[in-house]
Structures are given as structure tokens and as C-alpha cells.
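Comments concern the structure below.
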Amino acid sequence: MAVALEKEVETYKKLLPELLNEQGKFALIHGEELAGVYETYDDALKIGYDKFGISYSFLVKKILASEQIQFFTRDLGTSCPV
């Protein structure tokens with residue numbers, strides 16, 4: 001079973017060494033394509049919807065040298081399996 005945005009996350013990880021000179025900005029990734037780097041999340045999101053619409057997945061990711069792991073949920077009333 002494929003995970004949502006799996007290909008985009010892998011593309012980000014592969015491109016990260018090259019993207020680090022843009023640290024703090026936002027990468028727009030669609031599949032295996034870097035579609036651009038933007039100053040703000042809102043700019044990247046707007047361009048993503050303009051280019052790819054709502055029918056195709058894309059990732060907007062802040063470019064960081066190290067990640068802080070965060071967990072969140074929509075609180076669907078189910079218990080955590082972990």
C-alpha cells in the first residue's frame with residue numbers, strides 16, 4: 001500500500017543537500033520534480049494549486065537541515081495503535 005506523498009517525500013530527501021542553501025524557504029515538489037522554491041508557505045501552496053490543481057498531489061515542505069518530529073491528528077475518536 002502506497003503512503004500519501006511517499007514519492008514527494010523521497011524526492012525532498014534526495015534533493016535536500018542541494019536545497020540547504022535555501023534553508024528556511026519552502027520547496028514545492030510534485031512527484032520527482034522540484035517545481036520551485038518560495039519564500040513563504042502560502043506562496044508555495046498557491047503556486048502548487050495553480051500548477052497542479054486539486055486533483056494531483058504535491059508537497060510543500062520547509063527546507064531544514066534537521067527535522068523536529070511532530071505528531072498530530074484530526075482526532076477521529078479512534079485510539080492510537082502504538
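Chain labels run A, B, ... following the order of the C-alpha cells; each chain numbers its residues from 1, and ligands are numbered from 1 in the order shown.
Summary of the local environment: counting only C-alpha atoms, residues at most 9 Å from Leu5 (chain A), other than itself and those fewer than 6 positions away along its chain, are His30, Gly31, Ser57, Phe58 and Leu59 of chain A.
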Give the strand (DSSP E) residues of chain A, as assigned by DSSP on the backbone, as a PyMOL selection string.
-> chain A and resi 26-30+33-38+59-62
Written file, previous selection with N, CA and C atoms, as a short mmCIF file (atom, residue, chain, number, x, y, z; two decimals), in the first residue's frame:
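Now in again_14.cif:
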data_model
loop_
_atom_site.label_atom_id
_atom_site.label_comp_id
_atom_site.auth_asym_id
_atom_site.auth_seq_id
_atom_site.Cartn_x
_atom_site.Cartn_y
_atom_site.Cartn_z
N PHE A 26 10.56 27.38 1.27
CA PHE A 26 9.64 26.26 1.09
C PHE A 26 9.78 25.66 -0.30
N ALA A 27 10.00 24.34 -0.33
CA ALA A 27 10.12 23.61 -1.58
C ALA A 27 8.75 23.11 -2.01
N LEU A 28 8.45 23.24 -3.28
CA LEU A 28 7.23 22.71 -3.88
C LEU A 28 7.63 21.51 -4.73
N ILE A 29 7.12 20.34 -4.38
CA ILE A 29 7.52 19.11 -5.05
C ILE A 29 6.29 18.36 -5.53
N HIS A 30 6.36 17.93 -6.79
CA HIS A 30 5.30 17.14 -7.40
C HIS A 30 5.96 15.91 -8.00
N GLU A 33 9.66 15.85 -9.24
CA GLU A 33 10.01 17.17 -9.76
C GLU A 33 10.02 18.23 -8.67
N LEU A 34 11.11 19.00 -8.60
CA LEU A 34 11.14 20.20 -7.77
C LEU A 34 10.50 21.30 -8.62
N ALA A 35 9.33 21.73 -8.21
CA ALA A 35 8.59 22.71 -9.00
C ALA A 35 8.92 24.14 -8.62
N GLY A 36 9.75 24.32 -7.61
CA GLY A 36 10.17 25.66 -7.23
C GLY A 36 10.47 25.76 -5.75
N VAL A 37 11.13 26.87 -5.40
CA VAL A 37 11.44 27.21 -4.01
C VAL A 37 10.87 28.60 -3.77
N TYR A 38 10.13 28.76 -2.66
CA TYR A 38 9.41 30.01 -2.41
C TYR A 38 9.70 30.54 -1.01
N LEU A 59 3.71 18.40 -2.61
CA LEU A 59 4.21 18.61 -1.26
C LEU A 59 4.80 19.99 -1.15
N VAL A 60 4.44 20.71 -0.09
CA VAL A 60 5.10 21.96 0.27
C VAL A 60 5.83 21.67 1.57
N LYS A 61 7.15 21.82 1.55
CA LYS A 61 7.98 21.42 2.69
C LYS A 61 8.99 22.50 3.00
N LYS A 62 9.04 22.89 4.28
CA LYS A 62 10.05 23.86 4.70
C LYS A 62 11.42 23.19 4.64
#
Nearest to Tyr12 (chain A) among A:Ile63, A:Ile69, A:Ala44, A:Ile54, with distances taken over only C-alpha atoms: which residue is it?
->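 Ranked by minimum distance to Tyr12 (chain A), first place goes to A:Ile63.
The interatomic distance for the pair CA of Glu18 (chain A) and CA of Glu67 (chain A) works out to 16.3 Å.
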If you run DSSP on the backbone, which residues of chain A are alpha helix (DSSP H), as a list in words?
->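 Reading the DSSP output for chain A, alpha helix (DSSP H) covers Glu6, Lys7, Glu8, Val9, Glu10, Thr11, Tyr12, Lys13, Lys14, Leu15, Leu16, Pro17, Glu18, Leu19, Tyr41, Asp42, Asp43, Ala44, Leu45, Lys46, Ile47, Gly48, Tyr49, Asp50, Lys51 and Phe52 of chain A.
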Go ahead and write the selection's residues with N, CA and C atoms as a compact mmCIF listing (two decimals), in the first residue's frame.
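For reference, again-v9.txt as written:
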# COMPACT_ATOMS: atom_id res chain seq x y z
N GLU A 6 4.41 9.75 -0.61
CA GLU A 6 5.65 8.99 -0.42
C GLU A 6 6.71 9.38 -1.45
N LYS A 7 6.31 9.48 -2.70
CA LYS A 7 7.27 9.83 -3.76
C LYS A 7 7.81 11.24 -3.56
N GLU A 8 6.93 12.17 -3.17
CA GLU A 8 7.35 13.56 -2.95
C GLU A 8 8.32 13.67 -1.77
N VAL A 9 8.05 12.93 -0.70
CA VAL A 9 8.94 12.95 0.46
C VAL A 9 10.31 12.39 0.09
N GLU A 10 10.32 11.30 -0.67
CA GLU A 10 11.60 10.72 -1.12
C GLU A 10 12.36 11.70 -2.02
N THR A 11 11.64 12.41 -2.88
CA THR A 11 12.28 13.41 -3.74
C THR A 11 12.89 14.52 -2.89
N TYR A 12 12.16 14.99 -1.89
CA TYR A 12 12.68 16.02 -0.99
C TYR A 12 13.97 15.54 -0.32
N LYS A 13 13.95 14.32 0.21
CA LYS A 13 15.13 13.79 0.89
C LYS A 13 16.33 13.71 -0.07
N LYS A 14 16.06 13.30 -1.29
CA LYS A 14 17.13 13.17 -2.29
C LYS A 14 17.71 14.54 -2.65
N LEU A 15 16.85 15.56 -2.74
CA LEU A 15 17.28 16.89 -3.14
C LEU A 15 17.79 17.75 -1.98
N LEU A 16 17.58 17.29 -0.74
CA LEU A 16 17.90 18.13 0.42
C LEU A 16 19.32 18.68 0.41
N PRO A 17 20.35 17.90 0.12
CA PRO A 17 21.69 18.50 0.12
C PRO A 17 21.81 19.72 -0.80
N GLU A 18 21.16 19.67 -1.94
CA GLU A 18 21.19 20.81 -2.88
C GLU A 18 20.32 21.97 -2.40
N LEU A 19 19.27 21.65 -1.65
CA LEU A 19 18.31 22.66 -1.21
C LEU A 19 18.77 23.42 0.04
N TYR A 41 5.24 29.71 2.84
CA TYR A 41 4.38 28.54 2.66
C TYR A 41 3.19 28.89 1.78
N ASP A 42 2.58 30.05 2.05
CA ASP A 42 1.40 30.47 1.28
C ASP A 42 1.71 30.63 -0.21
N ASP A 43 2.88 31.20 -0.52
CA ASP A 43 3.27 31.35 -1.93
C ASP A 43 3.42 29.99 -2.60
N ALA A 44 4.11 29.06 -1.92
CA ALA A 44 4.32 27.73 -2.48
C ALA A 44 3.00 26.99 -2.65
N LEU A 45 2.12 27.10 -1.69
CA LEU A 45 0.82 26.44 -1.77
C LEU A 45 -0.02 27.01 -2.91
N LYS A 46 -0.04 28.32 -3.06
CA LYS A 46 -0.80 28.94 -4.14
C LYS A 46 -0.29 28.49 -5.51
N ILE A 47 1.03 28.51 -5.68
CA ILE A 47 1.61 28.08 -6.95
C ILE A 47 1.32 26.60 -7.19
N GLY A 48 1.38 25.80 -6.13
CA GLY A 48 1.07 24.37 -6.26
C GLY A 48 -0.34 24.15 -6.78
N TYR A 49 -1.31 24.85 -6.20
CA TYR A 49 -2.69 24.70 -6.68
C TYR A 49 -2.85 25.27 -8.09
N ASP A 50 -2.17 26.37 -8.39
CA ASP A 50 -2.24 26.94 -9.74
C ASP A 50 -1.67 25.97 -10.78
N LYS A 51 -0.54 25.32 -10.46
CA LYS A 51 0.12 24.42 -11.40
C LYS A 51 -0.54 23.04 -11.49
N PHE A 52 -0.92 22.49 -10.33
CA PHE A 52 -1.35 21.10 -10.29
C PHE A 52 -2.83 20.90 -9.96
